[in-house]
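A short worksheet on the structure shown next.
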Amino acid sequence: MAVQQRRVSKSRKGMRKSHLALEKPTTGVCRKCGKPVKPHHVCPHCGHYDNKKIIDVE
């Protein structure tokens, strides 16, 4: 089992963990209703995708 030989500095630890930050989810705008929607997903507000009615939303 590996055992660390020296203490890892705060700077080195921070550089290693710099890639673990959360990213904002990408969103687009629905062409029909103008509300935010995930790319390549049916709009949950109006039920359209690529200007075609896919599902009925109440």
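The way I read the labels, and the way they are meant: chains A, B, ... in the order of the structure tokens, residue 1 as the first residue of every chain, and ligand 1 as the first ligand shown, with later ones counted on from there.
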task = Fewer than 4 positions away in the same chain doesn't count, so skip those; otherwise give me all residues within 10 Å of A:His48, counting only C-alpha atoms, as a count of residues only.
result = 14
- prompt: Where does DSSP see alpha helix (DSSP H) in chain A, if you list the residues as JSON, numbers by chain?
  reply: {"A": [10, 11, 12, 13, 14, 15, 16, 17]}
- prompt: Which residue out of A:Pro25, A:Arg12, A:Glu58, A:Arg6 has the minimum interatomic distance to A:Val37 when only C-alpha atoms are used?
  reply: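 Counting only C-alpha atoms, the residue closest to A:Val37 is A:Pro25.
One finds atom CA of A:Arg7 at 21.1 Å from atom CA of A:Leu20.
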Interatomic distance between atom CA of A:Thr27 and atom CA of A:His40?
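That distance, rounded to one decimal, is 9.9 Å.
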>> Could you pull out the strand (DSSP E) residues of chain A, going by DSSP on the backbone, and write them as a VMD selection string?
In response: chain A and resid 28 to 29 36 to 37 48 to 49 52 to 53
For A:Thr26, the closest of A:Ala2, A:Gly14, A:His45, A:Pro39 counting only C-alpha atoms is A:Pro39
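The gap separating atom CA of A:Glu23 from atom CA of A:Ser11 is 21.9 Å, in Å to one decimal.
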